[in-house]
>>> print(open('work_13.cif').read())   # mmCIF, C-alpha atoms
data_start
loop_
_atom_site.label_atom_id
_atom_site.label_comp_id
_atom_site.auth_asym_id
_atom_site.auth_seq_id
_atom_site.Cartn_x
_atom_site.Cartn_y
_atom_site.Cartn_z
CA MET A 1 97.47 91.08 118.02
CA PRO A 2 94.65 92.05 115.63
CA TYR A 3 94.36 90.42 112.20
CA LEU A 4 91.74 90.39 109.48
CA GLN A 5 91.23 88.59 106.17
CA ILE A 6 91.68 90.41 102.87
CA ARG A 7 91.21 88.30 99.73
CA GLY A 8 92.30 85.17 101.56
CA TYR A 9 95.38 86.70 103.18
CA THR A 10 95.68 87.36 106.89
CA HIS A 11 96.66 91.01 107.42
CA TYR A 12 98.17 92.42 110.59
CA TYR A 13 96.99 95.86 111.68
CA GLU A 14 97.14 98.00 114.79
CA TRP A 15 95.81 101.28 116.11
CA ILE A 16 98.03 103.87 117.74
CA THR A 17 95.99 106.39 119.69
CA GLU A 18 96.72 109.17 122.14
CA SER A 19 95.34 107.10 125.02
CA GLY A 20 97.57 104.16 124.10
CA SER A 21 94.62 101.80 123.72
CA SER A 22 92.96 100.38 120.62
CA GLU A 23 89.74 102.18 121.50
CA LEU A 24 89.22 104.93 118.94
CA SER A 25 88.71 108.52 120.03
CA GLY A 26 86.67 109.70 117.06
CA LYS A 27 89.56 111.76 115.67
CA PRO A 28 90.28 111.59 111.93
CA THR A 29 92.12 108.46 110.80
CA MET A 30 95.68 108.60 109.48
CA VAL A 31 96.72 105.44 107.63
CA PHE A 32 100.41 104.59 107.25
CA MET A 33 101.82 102.42 104.44
CA HIS A 34 105.32 100.95 104.57
CA GLY A 35 107.79 100.42 101.75
CA TRP A 36 109.35 97.40 100.05
CA GLY A 37 110.68 94.67 102.32
CA GLY A 38 109.53 96.46 105.47
CA SER A 39 106.59 96.56 107.84
CA ALA A 40 104.51 99.09 109.72
CA ARG A 41 106.92 98.90 112.65
CA TYR A 42 109.06 101.77 111.38
CA TRP A 43 106.05 104.12 111.32
CA GLU A 44 105.25 103.65 115.02
CA SER A 45 107.23 106.63 116.35
CA THR A 46 105.73 108.98 113.74
CA ALA A 47 102.23 107.73 114.51
CA ARG A 48 102.70 108.27 118.24
CA ALA A 49 103.95 111.80 117.60
CA ILE A 50 100.72 112.81 115.79
CA SER A 51 98.27 110.71 117.80
CA ASP A 52 97.11 113.86 119.58
CA ALA A 53 95.41 114.86 116.31
CA PHE A 54 94.75 111.49 114.65
CA ASP A 55 93.79 107.91 115.38
CA CYS A 56 96.61 106.18 113.50
CA LEU A 57 96.09 102.93 111.59
CA LEU A 58 99.19 100.90 110.73
CA TYR A 59 99.15 97.64 108.78
CA ASP A 60 101.54 95.23 107.09
CA MET A 61 100.92 94.74 103.40
CA ARG A 62 100.30 91.33 101.88
CA GLY A 63 103.43 89.17 102.01
CA PHE A 64 105.36 91.49 104.32
CA GLY A 65 105.90 91.91 108.03
CA ARG A 66 103.37 90.10 110.17
CA SER A 67 100.83 89.61 107.38
CA SER A 68 100.51 86.14 105.86
CA THR A 69 102.75 85.04 103.03
CA ALA A 70 100.31 82.71 101.29
CA PRO A 71 96.55 82.73 100.67
CA MET A 72 94.09 80.49 102.42
CA GLU A 73 92.89 77.40 100.56
CA ALA A 74 90.51 78.20 97.68
CA PHE A 75 91.98 81.70 97.28
CA GLU A 76 94.41 82.79 94.59
CA CYS A 77 97.00 85.52 94.84
CA PRO A 78 95.54 88.71 93.30
CA GLY A 79 98.98 89.57 91.92
CA TYR A 80 101.67 92.02 92.92
CA GLU A 81 100.74 94.98 90.75
CA LEU A 82 100.53 98.32 92.54
CA GLU A 83 96.79 98.53 91.83
CA THR A 84 96.12 95.26 93.67
CA TYR A 85 97.75 96.56 96.83
CA ALA A 86 95.69 99.76 96.52
CA GLU A 87 92.58 97.56 96.32
CA ASP A 88 93.77 95.69 99.44
CA LEU A 89 93.77 98.97 101.33
CA ALA A 90 90.24 99.78 100.16
CA ILE A 91 89.03 96.40 101.40
CA LEU A 92 90.83 96.94 104.71
CA LEU A 93 89.03 100.26 105.19
CA ASP A 94 85.67 98.75 104.22
CA THR A 95 86.17 95.90 106.68
CA LEU A 96 86.99 98.37 109.47
CA GLU A 97 84.09 100.63 108.34
CA ILE A 98 86.33 103.65 107.71
CA LYS A 99 84.97 105.96 105.04
CA GLN A 100 87.64 108.65 104.79
CA ILE A 101 91.28 108.92 105.78
CA TYR A 102 94.47 110.91 105.74
CA LEU A 103 97.25 108.86 104.15
CA ASN A 104 101.00 108.75 104.74
CA ALA A 105 102.96 106.29 102.59
CA HIS A 106 106.65 105.62 102.10
CA SER A 107 108.78 104.54 99.13
CA ALA A 108 107.11 101.65 97.25
CA GLY A 109 104.11 102.12 99.53
CA ALA A 110 103.86 105.67 98.22
CA SER A 111 103.64 104.34 94.65
CA ILE A 112 100.72 102.19 95.78
CA ALA A 113 99.24 105.23 97.51
CA VAL A 114 99.30 107.20 94.24
CA TYR A 115 97.06 104.56 92.69
CA PHE A 116 94.81 104.64 95.76
CA LEU A 117 94.48 108.44 95.46
CA ASN A 118 93.32 108.12 91.86
CA LEU A 119 91.13 105.05 92.31
CA TYR A 120 89.43 106.32 95.49
CA PRO A 121 89.93 110.11 95.64
CA GLU A 122 86.75 110.59 97.67
CA ARG A 123 88.23 108.54 100.49
CA VAL A 124 91.31 110.72 101.13
CA GLN A 125 91.37 114.14 102.75
CA ARG A 126 95.08 114.77 102.34
CA ALA A 127 98.06 112.57 101.47
CA ILE A 128 101.76 112.54 102.28
CA LEU A 129 104.14 110.68 99.98
CA THR A 130 107.52 110.14 101.60
CA CYS A 131 110.56 109.34 99.44
CA ASN A 132 108.94 108.63 96.11
CA GLY A 133 109.10 109.99 92.56
CA ILE A 134 109.35 109.16 88.89
CA PHE A 135 112.23 107.65 86.94
CA GLU A 136 113.17 107.14 83.31
CA TYR A 137 113.29 103.68 81.82
CA ASP A 138 116.75 102.37 80.97
CA GLU A 139 116.63 98.79 79.69
CA LYS A 140 120.25 97.96 80.50
CA ALA A 141 120.11 99.47 83.98
CA PHE A 142 116.76 97.88 84.74
CA ASN A 143 117.90 94.42 83.66
CA ALA A 144 120.97 94.76 85.86
CA PHE A 145 118.73 95.84 88.74
CA TYR A 146 116.44 92.83 88.25
CA LYS A 147 119.39 90.46 88.24
CA PHE A 148 120.84 91.96 91.40
CA GLY A 149 117.42 92.23 93.07
CA SER A 150 116.58 88.61 92.31
CA TYR A 151 119.83 87.49 93.87
CA VAL A 152 119.31 89.63 96.99
CA VAL A 153 115.76 88.34 97.48
CA LYS A 154 116.81 84.73 96.93
CA PHE A 155 119.85 84.82 99.19
CA ARG A 156 118.40 85.77 102.58
CA PRO A 157 119.53 83.13 105.09
CA ARG A 158 118.05 83.75 108.52
CA TRP A 159 121.48 83.43 110.15
CA LEU A 160 122.36 86.88 108.77
CA TYR A 161 120.25 88.31 111.57
CA GLY A 162 122.69 86.95 114.14
CA LEU A 163 125.84 88.43 112.62
CA PRO A 164 127.33 91.38 114.53
CA LEU A 165 126.81 94.77 112.84
CA MET A 166 124.88 93.17 109.96
CA ASP A 167 121.96 95.54 110.64
CA ARG A 168 124.23 98.58 110.23
CA LEU A 169 125.68 97.18 107.01
CA PHE A 170 122.19 96.39 105.68
CA MET A 171 120.88 99.92 106.41
CA LYS A 172 123.98 101.83 105.26
CA ARG A 173 122.72 102.52 101.73
CA PHE A 174 119.33 103.72 103.02
CA LEU A 175 120.58 106.23 105.59
CA TYR A 176 122.63 109.41 105.91
CA ARG A 177 122.22 109.53 109.69
CA SER A 178 122.55 106.30 111.62
CA LEU A 179 119.65 104.90 113.63
CA PRO A 180 119.60 103.04 116.96
CA SER A 181 120.48 99.37 116.59
CA THR A 182 117.01 98.27 117.73
CA ILE A 183 115.44 100.06 114.75
CA SER A 184 118.03 98.83 112.24
CA ARG A 185 117.66 95.25 113.47
CA ALA A 186 113.89 95.45 113.00
CA PHE A 187 114.46 96.51 109.37
CA LEU A 188 116.80 93.58 108.80
CA GLU A 189 114.36 91.13 110.39
CA ASP A 190 111.47 92.38 108.23
CA PHE A 191 113.59 92.01 105.10
CA LEU A 192 114.65 88.47 105.96
CA MET A 193 111.05 87.46 106.75
CA ALA A 194 109.40 88.95 103.64
CA ASN A 195 107.70 86.45 101.35
CA TYR A 196 109.85 85.55 98.32
CA GLU A 197 107.07 85.92 95.72
CA ALA A 198 105.82 89.21 97.19
CA ALA A 199 109.30 90.68 97.52
CA LEU A 200 110.30 89.74 93.98
CA GLY A 201 106.89 90.52 92.47
CA THR A 202 106.83 94.06 93.86
CA ILE A 203 110.36 94.71 92.58
CA PHE A 204 109.19 93.92 89.06
CA THR A 205 106.08 96.11 89.34
CA CYS A 206 107.58 99.11 91.15
CA VAL A 207 110.68 99.33 88.97
CA SER A 208 109.57 98.51 85.45
CA LYS A 209 109.08 99.91 81.99
CA ARG A 210 105.33 100.06 82.66
CA ALA A 211 105.85 101.97 85.91
CA ALA A 212 108.18 104.43 84.19
CA GLU A 213 105.51 105.06 81.55
CA VAL A 214 102.42 105.05 83.77
CA MET A 215 103.50 106.68 87.03
CA PRO A 216 103.98 110.18 85.51
CA GLN A 217 100.39 109.98 84.26
CA GLU A 218 99.20 108.85 87.69
CA PHE A 219 100.97 111.74 89.42
CA ALA A 220 99.47 114.16 86.92
CA ARG A 221 95.98 112.83 87.72
CA ILE A 222 96.20 113.48 91.46
CA ARG A 223 93.44 115.79 92.66
CA VAL A 224 93.84 115.21 96.39
CA PRO A 225 95.98 117.77 98.28
CA THR A 226 99.31 115.96 98.56
CA LEU A 227 102.70 116.59 100.11
CA MET A 228 105.82 114.99 98.64
CA ILE A 229 108.75 114.76 101.08
CA SER A 230 112.22 113.74 99.93
CA GLY A 231 115.53 113.24 101.72
CA GLU A 232 118.31 115.41 100.32
CA ARG A 233 120.82 112.55 100.45
CA ASP A 234 118.52 109.74 99.33
CA MET A 235 120.36 107.34 97.01
CA ILE A 236 117.38 104.99 96.59
CA ILE A 237 114.93 107.56 95.23
CA PRO A 238 116.85 110.83 94.78
CA ALA A 239 115.10 114.04 95.76
CA GLU A 240 115.08 115.23 92.15
CA MET A 241 112.74 112.35 91.27
CA GLY A 242 110.33 113.58 93.93
CA ARG A 243 110.61 117.15 92.69
CA GLN A 244 109.83 116.05 89.13
CA ALA A 245 106.78 114.10 90.28
CA ALA A 246 105.47 117.03 92.32
CA ALA A 247 105.74 119.32 89.31
CA LEU A 248 103.21 117.18 87.40
CA SER A 249 100.20 118.25 89.52
CA ASP A 250 99.24 121.57 91.08
CA GLN A 251 97.84 119.54 93.99
CA ILE A 252 101.30 118.36 95.06
CA GLU A 253 103.59 120.38 97.33
CA PHE A 254 107.25 119.43 97.58
CA ALA A 255 109.59 119.53 100.57
CA GLU A 256 113.19 118.37 100.88
CA ILE A 257 114.77 117.62 104.24
CA PRO A 258 118.52 118.33 104.41
CA ASN A 259 121.01 115.73 105.61
CA THR A 260 118.59 112.83 105.47
CA ALA A 261 118.30 109.91 103.06
CA HIS A 262 115.56 107.32 102.52
CA PHE A 263 114.04 107.52 106.02
CA PRO A 264 113.75 111.24 106.86
CA MET A 265 110.96 110.55 109.38
CA LEU A 266 113.47 108.57 111.45
CA GLU A 267 116.67 110.43 110.63
CA ASP A 268 115.28 113.89 111.44
CA PRO A 269 111.84 113.37 113.03
CA GLU A 270 111.60 116.93 114.36
CA THR A 271 111.90 118.51 110.91
CA TYR A 272 109.73 115.85 109.32
CA LEU A 273 106.91 116.34 111.82
CA LYS A 274 107.08 120.12 111.50
CA ILE A 275 106.66 119.92 107.71
CA VAL A 276 103.82 117.40 108.03
CA GLN A 277 101.98 119.44 110.65
CA GLU A 278 102.25 122.59 108.56
CA PHE A 279 100.81 120.75 105.57
CA LEU A 280 97.99 119.29 107.65
CA LYS A 281 97.45 122.72 109.23
CA VAL A 282 97.66 121.36 112.76
CA GLU A 283 99.89 122.00 115.73
CA SER A 284 100.74 119.60 118.52
CA GLY A 285 97.66 119.00 120.62
CA GLN A 286 95.29 120.43 118.00
CA ARG A 287 92.49 118.29 116.66
CA VAL A 288 91.90 118.07 112.91
CA GLU A 289 88.36 118.63 111.70
CA VAL A 290 87.05 116.36 108.96
#
>>> encode(input="work_13.cif", output="structure tokens")
Amino acid sequence: MPYLQIRGYTHYYEWITESGSSELSGKPTMVFMHGWGGSARYWESTARAISDAFDCLLYDMRGFGRSSTAPMEAFECPGYELETYAEDLAILLDTLEIKQIYLNAHSAGASIAVYFLNLYPERVQRAILTCNGIFEYDEKAFNAFYKFGSYVVKFRPRWLYGLPLMDRLFMKRFLYRSLPSTISRAFLEDFLMANYEAALGTIFTCVSKRAAEVMPQEFARIRVPTLMISGERDMIIPAEMGRQAAALSDQIEFAEIPNTAHFPMLEDPETYLKIVQEFLKVESGQRVEV
């Protein structure tokens, strides 16, 4: 499996291409970013579905999935702010000598992607933000969330993975339509394996007073053509939050997929892909021109 070093951390990445090999075809590059506690694994089916038009780059962010949980000796952690993860992506692209991309990011990864769009707008042709948005700061609610989140991150014994139906219970809040057990179990495994500091650090940066104040400004600054996709039944980031974010920039289009929750690309892949292809102005089998 391919790995590379970014600021002292070993990062896992993989290419999904139409040929099925890691040899690139010369098509435009679509980069996929996963959300909190996950890995690039849940993007694989979407990437395969559009590999006729794109060479798809998937990677696990620092501290999650198959990427390392601690820096090499003589390196310090760059922090868990959203901007630092956006900088990680820029370094990844530089290392792989990729100048320009299309970007599809999900949930917390989409918040990181917003920073990337504003820090490196010249590097992105078009962006898709899946299940993201803006929220209002509520000190009492946020403190309760931190307390609960800290407990959840701390209490993650590996034996949970072996309990019958634990994957379904774990994914219940995230889904409106159930997923095959193999997919749900992969989600549970990624969550249990996530680095403690990274998992907790990103909770405090993604859901914070600063994020509530700054993210609306970041959405308003977007100048890259962007599509915001929300799941109608999403309880994690309700569709209205995505609609409000999209209204802040004339560069953002908004789409809501009925009867899906926090993973519309897996719950209703046919509708999701149709919306994405219309935004990218491509049909199945059609190559995108850069």
>>> resolve_selection(input="work_13.cif", expression="the PyMOL selection byres ((chain A and resi 158-160) around 12)", output="MDAnalysis selection string")
chainID A and resid 154:157 161:170 185 188:194
>>> residues_around(input="work_13.cif", residues="Tyr59 (chain A)", least_positions_apart="4", cutoff="8 Å", atoms="only C-alpha atoms", output="list in words")
His11, Tyr12, Tyr13, Glu14, Phe32, Met33, Ser39 and Ala40 of chain A
>>> write_last_selection(input="work_13.cif", atoms="C-alpha atoms", output="mmCIF file, in the coordinates of the input")
data_model
loop_
_atom_site.group_PDB
_atom_site.id
_atom_site.type_symbol
_atom_site.label_atom_id
_atom_site.label_comp_id
_atom_site.auth_asym_id
_atom_site.auth_seq_id
_atom_site.Cartn_x
_atom_site.Cartn_y
_atom_site.Cartn_z
ATOM 1 C CA HIS A 11 96.660 91.010 107.420
ATOM 2 C CA TYR A 12 98.170 92.420 110.590
ATOM 3 C CA TYR A 13 96.990 95.860 111.680
ATOM 4 C CA GLU A 14 97.140 98.000 114.790
ATOM 5 C CA PHE A 32 100.410 104.590 107.250
ATOM 6 C CA MET A 33 101.820 102.420 104.440
ATOM 7 C CA SER A 39 106.590 96.560 107.840
ATOM 8 C CA ALA A 40 104.510 99.090 109.720
#
>>> closest_atom_pairs(input="work_13.cif", of="region 160-266 of chain A", to="region 92-103 of chain A", cutoff="12 Å", atoms="all atoms listed in the file", output="tab-separated table")
residue	atom	partner	partner_atom	distance
A:Val224	CA	A:Tyr102	CA	10.3
A:Pro225	CA	A:Tyr102	CA	10.2
A:Thr226	CA	A:Leu103	CA	9.3
A:Leu227	CA	A:Leu103	CA	10.3
A:Met228	CA	A:Leu103	CA	11.9
>>> residues_around(input="work_13.cif", residues="Tyr151 (chain A)", least_positions_apart="5", cutoff="12 Å", atoms="all atoms listed in the file", output="ChimeraX atom specification")
/A:144-146,156,196,199-200,203
>>> closest_residue(input="work_13.cif", among="A:Ala198, A:Ile236, A:Ala49, A:Val114", to="Arg173 (chain A)", atoms="only C-alpha atoms")
A:Ile236
>>> atom_distance(input="work_13.cif", atom1="CA of Asp60 (chain A)", atom2="CA of Val31 (chain A)")
11.3 Å
>>> atom_distance(input="work_13.cif", atom1="CA of Gly35 (chain A)", atom2="CA of Lys140 (chain A)")
24.8 Å
>>> residues_around(input="work_13.cif", residues="Glu87 (chain A)", least_positions_apart="2", cutoff="10 Å", atoms="only C-alpha atoms", output="list in words")
Ile6, Arg7, Pro78, Leu82, Glu83, Thr84, Tyr85, Leu89, Ala90, Ile91, Leu92, Leu93, Ile112, Tyr115, Phe116, Leu119 and Tyr120 of chain A
>>> write_last_selection(input="work_13.cif", atoms="C-alpha atoms", output="PDB file, keeping the file's coordinate frame")
ATOM      1  CA  ILE A   6      91.680  90.410 102.870  1.00  0.00           C
ATOM      2  CA  ARG A   7      91.210  88.300  99.730  1.00  0.00           C
ATOM      3  CA  PRO A  78      95.540  88.710  93.300  1.00  0.00           C
ATOM      4  CA  LEU A  82     100.530  98.320  92.540  1.00  0.00           C
ATOM      5  CA  GLU A  83      96.790  98.530  91.830  1.00  0.00           C
ATOM      6  CA  THR A  84      96.120  95.260  93.670  1.00  0.00           C
ATOM      7  CA  TYR A  85      97.750  96.560  96.830  1.00  0.00           C
ATOM      8  CA  LEU A  89      93.770  98.970 101.330  1.00  0.00           C
ATOM      9  CA  ALA A  90      90.240  99.780 100.160  1.00  0.00           C
ATOM     10  CA  ILE A  91      89.030  96.400 101.400  1.00  0.00           C
ATOM     11  CA  LEU A  92      90.830  96.940 104.710  1.00  0.00           C
ATOM     12  CA  LEU A  93      89.030 100.260 105.190  1.00  0.00           C
ATOM     13  CA  ILE A 112     100.720 102.190  95.780  1.00  0.00           C
ATOM     14  CA  TYR A 115      97.060 104.560  92.690  1.00  0.00           C
ATOM     15  CA  PHE A 116      94.810 104.640  95.760  1.00  0.00           C
ATOM     16  CA  LEU A 119      91.130 105.050  92.310  1.00  0.00           C
ATOM     17  CA  TYR A 120      89.430 106.320  95.490  1.00  0.00           C
TER      18      TYR A 120
END
>>> resolve_selection(input="work_13.cif", expression="the PyMOL selection byres ((chain A and resi 246-256) around 8)", output="list in words")
Gly133, Pro216, Phe219, Ala220, Arg221, Ile222, Arg223, Val224, Pro225, Thr226, Leu227, Met228, Ile229, Ser230, Gly231, Glu232, Ala239, Gly242, Arg243, Gln244, Ala245, Ile257, Pro258 and Ile275 of chain A
>>> resolve_selection(input="work_13.cif", expression="the PyMOL selection byres ((chain A and resi 43) around 12)", output="JSON, numbers by chain")
{"A": [14, 15, 16, 30, 31, 32, 33, 34, 35, 38, 39, 40, 41, 42, 44, 45, 46, 47, 48, 49, 50, 56, 57, 58, 59, 60, 104, 105, 106, 130, 183, 186, 187, 263, 264, 265, 266, 269]}
>>> write_last_selection(input="work_13.cif", atoms="C-alpha atoms", output="tab-separated table (two decimals), in the frame of the given file")
chain	number	residue	atom	x	y	z
A	14	GLU	CA	97.14	98.00	114.79
A	15	TRP	CA	95.81	101.28	116.11
A	16	ILE	CA	98.03	103.87	117.74
A	30	MET	CA	95.68	108.60	109.48
A	31	VAL	CA	96.72	105.44	107.63
A	32	PHE	CA	100.41	104.59	107.25
A	33	MET	CA	101.82	102.42	104.44
A	34	HIS	CA	105.32	100.95	104.57
A	35	GLY	CA	107.79	100.42	101.75
A	38	GLY	CA	109.53	96.46	105.47
A	39	SER	CA	106.59	96.56	107.84
A	40	ALA	CA	104.51	99.09	109.72
A	41	ARG	CA	106.92	98.90	112.65
A	42	TYR	CA	109.06	101.77	111.38
A	44	GLU	CA	105.25	103.65	115.02
A	45	SER	CA	107.23	106.63	116.35
A	46	THR	CA	105.73	108.98	113.74
A	47	ALA	CA	102.23	107.73	114.51
A	48	ARG	CA	102.70	108.27	118.24
A	49	ALA	CA	103.95	111.80	117.60
A	50	ILE	CA	100.72	112.81	115.79
A	56	CYS	CA	96.61	106.18	113.50
A	57	LEU	CA	96.09	102.93	111.59
A	58	LEU	CA	99.19	100.90	110.73
A	59	TYR	CA	99.15	97.64	108.78
A	60	ASP	CA	101.54	95.23	107.09
A	104	ASN	CA	101.00	108.75	104.74
A	105	ALA	CA	102.96	106.29	102.59
A	106	HIS	CA	106.65	105.62	102.10
A	130	THR	CA	107.52	110.14	101.60
A	183	ILE	CA	115.44	100.06	114.75
A	186	ALA	CA	113.89	95.45	113.00
A	187	PHE	CA	114.46	96.51	109.37
A	263	PHE	CA	114.04	107.52	106.02
A	264	PRO	CA	113.75	111.24	106.86
A	265	MET	CA	110.96	110.55	109.38
A	266	LEU	CA	113.47	108.57	111.45
A	269	PRO	CA	111.84	113.37	113.03
>>> closest_residue(input="work_13.cif", among="A:Gly26, A:Pro121, A:Pro238, A:Gly79", to="His262 (chain A)", atoms="only C-alpha atoms")
A:Pro238
>>> closest_residue(input="work_13.cif", among="A:Phe75, A:Phe174, A:Phe64, A:Phe142", to="Glu197 (chain A)", atoms="only C-alpha atoms")
A:Phe64
>>> atom_distance(input="work_13.cif", atom1="CA of Leu4 (chain A)", atom2="CA of Ser67 (chain A)")
9.4 Å
